[in-house]
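Novice: Please read through the structure below; I'll follow up with questions.
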There are 2 protein chains.
Amino acid sequence: MSEHNIVEEFVAVLRKAPKVALFSHVSPDGDCLGSMLAIGLALEKMGKEVSFYNPDPVPSNLVFLPGSSRIRRQLPSPQPETLLFVDCTDLGRVNLSISDITDLSTVLNLDHHISNQYFGRVNWVDSQASAVGELALTLINRLGVEIDSDIAANLYTAIVTDSGCFQYSNTTAQTHRLSADLMDKGINISDIHHRIFDQKPLSQIRLLQYALNGLEMCAEGQLALMTLSTEDFHKSGAEQELSEGLVNHARSIAGVEVAVLLKEVGPQEIKGGLRSNLWLNVNEIAAQFGGGGHNRAAGFTFRGTLAEAKQRIITAIEEALRLGRNH
Amino acid sequence: MSEHNIVEEFVAVLRKAPKVALFSHVSPDGDCLGSMLAIGLALEKMGKEVSFYNPDPVPSNLVFLPGSSRIRRQLPSPQPETLLFVDCTDLGRVNLSISDITDLSTVLNLDHHISNQYFGRVNWVDSQASAVGELALTLINRLGVEIDSDIAANLYTAIVTDSGCFQYSNTTAQTHRLSADLMDKGINISDIHHRIFDQKPLSQIRLLQYALNGLEMCAEGQLALMTLSTEDFHKSGAEQELSEGLVNHARSIAGVEVAVLLKEVGPQEIKGGLRSNLWLNVNEIAAQFGGGGHNRAAGFTFRGTLAEAKQRIITAIEEALRLGRNH
């Protein structure tokens, strides 16, 4: 199906559906929550019955998102006819498996990850979009729903968080044009930025402290690696999702091409976050560990100790750096 | 003169001029340098002879700007007919006085500061613009010069630095639309962002680590205080100026009204930096220590030990917080 036809099909399914259940991924971020809420609020303006699902709590800096209090951690029961998955490469990202879905033929899959598994009946996957928020805005426009300031605040948050304040390489001219359209809807961007970025729990600053205490420079300064043990999380009092973004402190060091944050999230369970600056494809490195993501930002889960994960990832990255740009 | 007429007049003067000298302000930033270089490169494409002036060296993170090696710290001699001042409220911002200007009637003044002194013959001052870069792009379009990737990189840098990566409240829908137009010219924004923002010396990150290790919360979480000893500076290898901005990590903690960074810069010599978020006048507090600044950002020098400075500033701030907003 051409991209045009996929969008048409998406719109057609949603127009017909009286009830829609929306799903977003574990460890939720501004893009999955903002996009999910924006689409849900738009569907409600069309008279549809909508439910919102996320397996994890909404991070404290995103509770301001209009509609966020309506997000449930219980699956909708009974399952409505139409299920829309937002920003999820596969059902596992929602802690679900195929057996949890009553009827797979009703699944809509809206995503921007190149590693998306095309698990839905209609799969609108555009890896050129900086955020699913871009696709959600296009979708809402195509549904003919007028964007109000609540929808705009959700979509703007989606775009600004996933594009790293328009700094990541996934930012395009279209990202800016869509953001301009959202600003025309009367959102207060300095208020939104203050709420997202300037209300850090003390526990998050403590996590940064512990991450920096464990900062190691490898590969002649091209690789900066940070680790957070379960003890670090315990001492800081921070939940795991508060470590989101810490890896960028390592990435911003002069001479660094790739930054890694390894988090011990359970016994023998390590989550790795990878960021690269200019050329290294970290999606390929994450794939070696069974993970994925984007070329400049990817992640994986490793079964083993923090020390084992550290040694393995350093080896893999040093190898990739040695192979160099011409790989 | 209407804004339309001012732009027309600006364009008319530049079209006629065979030679143009461009000026930008002391302590140069991305906006004044990027805007100046973009306009100069555009004028050269029109066949004009151009010179660039700035009293200070180009900061190391901006030397990548196309044309920056041509910026001179000596005034052009002889002075050409047409002088264009970029991002300067008055001649003092260029370390000049009226006597330095051969013929004031030839001065063009392009700025976005509300405090601009209208010192030129034609004064294009638009305080709605997030950056002079926005006005420079409009000007170059009106001159009919095609924007190439060098000009676009300069203008994008101007906008992204003065709008705080599109986060400051001066950012408008127009800021995003103009940035989209610049991205269409084939600039590499992740490279530009990396050069501007992601080249922190490792020693600066180490300094942040030590500052966080000394972070203390006082006054029921309203005061966040960090200290850096001479030993911390020594261990990190960082010069004192690299501690600039570290205090904002303390300021960004939820619930904090005032943040303090105390630096031991010599024996019995402590420098204090103060930032407040919403209401506390830190200029008044700095004044108690013989310092000063602004209501939300101030500093002072204290003669004594780090421990003495800490005790004194905590007492002073707790007192001010107790007196409260109605002081």
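Ordering of the structure tokens sets the chain letters (A, B, ...); residue numbers start at 1 within each chain; ligands are numbered from 1 in the order shown.
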Distance limit 6 Å, atoms considered: only C-alpha atoms. Which chain B residues sit that close to chain A? Return them as a ChimeraX atom specification.
Specialist: /B:169,173,176-177,180,183,190,198-202,209,212,252-254
Novice: Can you check which residues of segment 8-42 of chain A DSSP gives as strand (DSSP E) on the backbone and send them as a PyMOL selection string?
Specialist: chain A and resi 19-24
Novice: Just N, CA and C atoms for this one: save the residues we selected as a PDB file, in the first residue's frame.
Specialist:
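Full text of out.pdb as output:
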ATOM      1  N   LYS A  19     -15.986   3.021  19.141  1.00  0.00           N
ATOM      2  CA  LYS A  19     -15.135   2.998  20.338  1.00  0.00           C
ATOM      3  C   LYS A  19     -13.700   2.692  19.925  1.00  0.00           C
ATOM      4  N   VAL A  20     -12.760   3.396  20.543  1.00  0.00           N
ATOM      5  CA  VAL A  20     -11.344   3.157  20.238  1.00  0.00           C
ATOM      6  C   VAL A  20     -10.563   3.077  21.547  1.00  0.00           C
ATOM      7  N   ALA A  21      -9.751   2.025  21.672  1.00  0.00           N
ATOM      8  CA  ALA A  21      -8.835   1.940  22.814  1.00  0.00           C
ATOM      9  C   ALA A  21      -7.439   2.303  22.324  1.00  0.00           C
ATOM     10  N   LEU A  22      -6.791   3.251  23.046  1.00  0.00           N
ATOM     11  CA  LEU A  22      -5.454   3.688  22.644  1.00  0.00           C
ATOM     12  C   LEU A  22      -4.416   3.140  23.613  1.00  0.00           C
ATOM     13  N   PHE A  23      -3.272   2.741  23.072  1.00  0.00           N
ATOM     14  CA  PHE A  23      -2.200   2.114  23.856  1.00  0.00           C
ATOM     15  C   PHE A  23      -0.885   2.842  23.608  1.00  0.00           C
ATOM     16  N   SER A  24      -0.109   3.015  24.687  1.00  0.00           N
ATOM     17  CA  SER A  24       1.226   3.607  24.534  1.00  0.00           C
ATOM     18  C   SER A  24       2.219   2.791  25.358  1.00  0.00           C
TER      19      SER A  24
END
Novice: Compile the contact shell of segment 263-265 of chain A as a VMD selection string: residues with an atom at most 6 Å away, counting only C-alpha atoms, same-chain residues fewer than 6 positions apart removed.
Specialist: chain A and resid 227 to 230 271
Novice: Write the residues you've just listed into a file as a PDB file, in the first residue's frame, and include C-alpha atoms for each of them.
Specialist:
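So the final result, stored in selection.pdb, reads:
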ATOM      1  CA  THR A 227      26.141   3.108  34.949  1.00  0.00           C
ATOM      2  CA  LEU A 228      23.352   3.153  37.533  1.00  0.00           C
ATOM      3  CA  SER A 229      23.033   0.206  39.905  1.00  0.00           C
ATOM      4  CA  THR A 230      19.857  -0.791  41.732  1.00  0.00           C
ATOM      5  CA  LYS A 271      18.766  -1.753  30.335  1.00  0.00           C
TER       6      LYS A 271
END
Novice: Considering only C-alpha atoms, state which residue in the set A:Leu84, A:Val282, A:Ile187, A:Leu143 is at the smallest distance from Ala42 of chain A.
Specialist: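 Of A:Leu84, A:Val282, A:Ile187, A:Leu143, the one nearest Ala42 of chain A, counting only C-alpha atoms, is A:Leu143.
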Novice: Taking the chain letters and numbering used in this document, name the residues of segment 66-240 of chain B that DSSP puts in helix (DSSP H, G or I), as a PyMOL selection string.
Specialist: chain B and resi 68-70+91-94+98-100+104-106+132-143+149-162+173-183+189-197+202-213+219-221+230-236+240
Novice: A:Ala309, A:Ala129, A:Arg93, A:Val11: which is nearest Asn141 of chain A, counting only C-alpha atoms?
Specialist: A:Val11
Novice: Quick one, how far is atom CA of Val260 of chain A from atom CA of Met226 of chain A?
Specialist: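 We find that atom CA of Val260 of chain A and atom CA of Met226 of chain A lie 6.1 Å from each other.
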Novice: Using only C-alpha atoms, which residue out of B:Ser69, B:Gln74, B:Ser35, B:Thr305 lies closest to Thr157 of chain B?
Specialist: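 Once distances to Thr157 of chain B are computed over only C-alpha atoms, the minimum belongs to B:Ser35.
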Novice: Which is closest to Arg142 of chain B among B:Arg72, B:Pro18, B:Val7, B:Glu81, if we use only C-alpha atoms?
Specialist: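 Ranking B:Arg72, B:Pro18, B:Val7, B:Glu81 by distance to Arg142 of chain B, first place goes to B:Val7.
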Novice: For Gly34 of chain A, which residue among A:Ala152, A:Ile317, A:Leu280, A:Leu14 is the nearest when counting only C-alpha atoms?
Specialist: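 Of the candidates, the smallest distance to Gly34 of chain A is held by A:Ala152.
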Novice: What is the atom CA of Asn116 of chain A to atom CA of Gly299 of chain A distance in Å?
Specialist: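 Atom-to-atom, atom CA of Asn116 of chain A to atom CA of Gly299 of chain A, that is 13.8 Å.
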Novice: Fewer than 3 positions away in the same chain doesn't count, so skip those; otherwise give me all residues within 10 Å of Ser105 of chain A, counting only C-alpha atoms, as a PyMOL selection string.
Specialist: chain A and resi 81-83+101-102+108+119-122
Novice: Could you save the residues just selected, with C-alpha atoms, as a PDB file, in the first residue's frame?
Specialist:
ATOM      1  CA  GLU A  81     -13.491  -3.087  18.165  1.00  0.00           C
ATOM      2  CA  THR A  82     -10.605  -0.813  17.303  1.00  0.00           C
ATOM      3  CA  LEU A  83      -7.219  -0.748  19.047  1.00  0.00           C
ATOM      4  CA  ILE A 101      -5.673  -9.105  21.764  1.00  0.00           C
ATOM      5  CA  THR A 102      -9.208 -10.337  21.092  1.00  0.00           C
ATOM      6  CA  LEU A 108      -3.941   0.099  14.053  1.00  0.00           C
ATOM      7  CA  PHE A 119       2.060  -6.082  13.865  1.00  0.00           C
ATOM      8  CA  GLY A 120      -1.210  -4.331  13.012  1.00  0.00           C
ATOM      9  CA  ARG A 121      -3.786  -4.595  10.273  1.00  0.00           C
ATOM     10  CA  VAL A 122      -2.930  -1.092   9.148  1.00  0.00           C
TER      11      VAL A 122
END
Novice: Please report the interatomic distance between atom CA of Arg303 of chain B and atom CA of Ser243 of chain B in Å with one decimal.
Specialist: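 One can read the atom CA of Arg303 of chain B to atom CA of Ser243 of chain B distance as 19.6 Å.
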